[in-house]
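Novice: Take a look at the following structure, please.
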Amino acid sequence: MNVHFTRTRAILSTVGLLLAVGAPTAYAGLADRAPAERGAPYVETQLFFGTARPDGGPAVTDKQFMAFVDNEVTPDFPDGLTVQSGRGQWRDASGAIEKERSYELILLYPVEKAGASDRNIEEIRRAYEKAFGQEAVGRVDDRARVDF
């Protein structure tokens, strides 16, 4: 019985070893085939809006921010956008770390509209800085593939 157990154990070990050695080869074959890309090439822009006013005035309210989006953003990006509320911090021009309620605005637009969209986004940033006395509006751009 002990010999049978040892032989079974040796066979299972050999099978396990063959599977372990063969698996990377099998998976490598799958990796060589790129999955079909979905969606169209888009640009994703994230804008970060603070709500604290450097002059110590009252913080920008939800109602004020959404009115800003309706009046300044939606006309240039009527196909859609996303607004998220958050908490953020950054170092201001005087070196102080400011912690404040903030908003993230996410815009998606086709790559071929990037030039016109860039101009519109810069106008949005300047308009917010001016309207609410902000030092800056943060911006991040990235390429994306988008499918609706």
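How things are named: the first chain in the structure tokens is A, the next is B, and so on; residues count from 1 in each chain; ligands count from 1 in the order shown.
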Can you tell me which residues surround A:Val69 at a distance of at most 12 Å, considering only C-alpha atoms, apart from same-chain residues fewer than 2 positions away, and format the answer as a ChimeraX atom specification?

Specialist: /A:47,49,62-67,71-78,80-83,103-107,121,124-125,127-128

Novice: For the selection just defined, write its residues with C-alpha atoms to a file, as a short mmCIF file (atom, residue, chain, number, x, y, z; two decimals), in the first residue's frame.

Specialist:
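Heads up, here's the output in again_13.cif:
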data_model
loop_
_atom_site.label_atom_id
_atom_site.label_comp_id
_atom_site.auth_asym_id
_atom_site.auth_seq_id
_atom_site.Cartn_x
_atom_site.Cartn_y
_atom_site.Cartn_z
CA LEU A 47 -11.15 70.05 -13.48
CA PHE A 49 -12.64 73.61 -8.24
CA ASP A 62 -23.65 74.04 -4.14
CA LYS A 63 -26.29 76.30 -5.67
CA GLN A 64 -23.64 78.77 -6.90
CA PHE A 65 -21.45 76.03 -8.31
CA MET A 66 -24.30 74.29 -10.16
CA ALA A 67 -25.43 77.66 -11.57
CA ASN A 71 -24.21 78.85 -17.38
CA GLU A 72 -20.50 78.38 -18.18
CA VAL A 73 -19.93 74.67 -18.83
CA THR A 74 -23.08 73.13 -20.26
CA PRO A 75 -23.29 75.48 -23.28
CA ASP A 76 -19.81 74.32 -24.41
CA PHE A 77 -20.29 70.64 -23.41
CA PRO A 78 -23.98 69.89 -23.94
CA GLY A 80 -22.74 65.46 -20.97
CA LEU A 81 -20.48 65.88 -17.98
CA THR A 82 -20.04 64.59 -14.45
CA VAL A 83 -19.74 66.60 -11.23
CA TYR A 103 -15.79 69.79 -6.90
CA GLU A 104 -14.39 67.59 -9.65
CA LEU A 105 -15.82 68.16 -13.11
CA ILE A 106 -15.20 65.40 -15.67
CA LEU A 107 -15.53 66.13 -19.37
CA ILE A 121 -11.97 74.65 -20.94
CA ILE A 124 -14.21 77.96 -17.96
CA ARG A 125 -11.17 77.97 -15.68
CA ALA A 127 -14.37 82.41 -15.50
CA TYR A 128 -14.42 80.42 -12.24
#

Novice: Which of stretch 21-135 of chain A end up as helix (DSSP H, G or I) when DSSP is run on this backbone - answer as number ranges by chain?

Specialist: A: 21-31, 62-73, 111-132

Novice: Give me, please, the distance in Å between atom CA of A:Arg91 and atom CA of A:Phe68, quoted to one decimal.

Specialist: 24.4 Å

Novice: Determine the nearest neighbour of A:Gly115 from the options A:Val43, A:Ile97, A:Glu37, A:Phe132, counting only C-alpha atoms.

Specialist: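 With only C-alpha atoms as the atom set, the closest residue is A:Val43.
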
Novice: Neighbours of A:Thr51 within 9 Å (only C-alpha atoms; same-chain residues fewer than 5 positions away dropped), as number ranges by chain?

Specialist: A: 58-61, 65, 100-103, 132, 134

Novice: Could you jot down the atom CA of A:Asp141 to atom CA of A:Thr45 separation for me, Å, one decimal place?

Specialist: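 Pair atom CA of A:Asp141 / atom CA of A:Thr45 returns 4.5 Å.
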
Novice: How many Å separate atom CA of A:Leu108 from atom CA of A:Ser85?

Specialist: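 Separation between atom CA of A:Leu108 and atom CA of A:Ser85: 18.1 Å.
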
Novice: Nearest to A:Ala136: which of A:Asp92, A:Gln84, A:Ala114, A:Gly39 is it, counting only C-alpha atoms?

Specialist: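 The closest residue to A:Ala136 is A:Asp92.
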
Novice: Among the residues of stretch 21-135 of chain A, find those DSSP assigns to strand (DSSP E or B) from the backbone and print them as JSON, numbers by chain.

Specialist: {"A": [40, 41, 42, 43, 44, 45, 46, 47, 48, 49, 50, 82, 83, 84, 85, 86, 87, 88, 89, 90, 91, 97, 98, 99, 100, 101, 102, 103, 104, 105, 106, 107, 108, 109, 110]}

Novice: Between A:Pro110, A:Trp90, A:Arg145, A:Arg53, single out the one closest to A:Lys130, counting only C-alpha atoms.

Specialist: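 Closest candidate: A:Arg53.
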
Novice: Hey, which of A:Arg119, A:Gly88, A:Phe48, A:Val111 ends up closest to A:Asp142? Count only C-alpha atoms.

Specialist: A:Val111
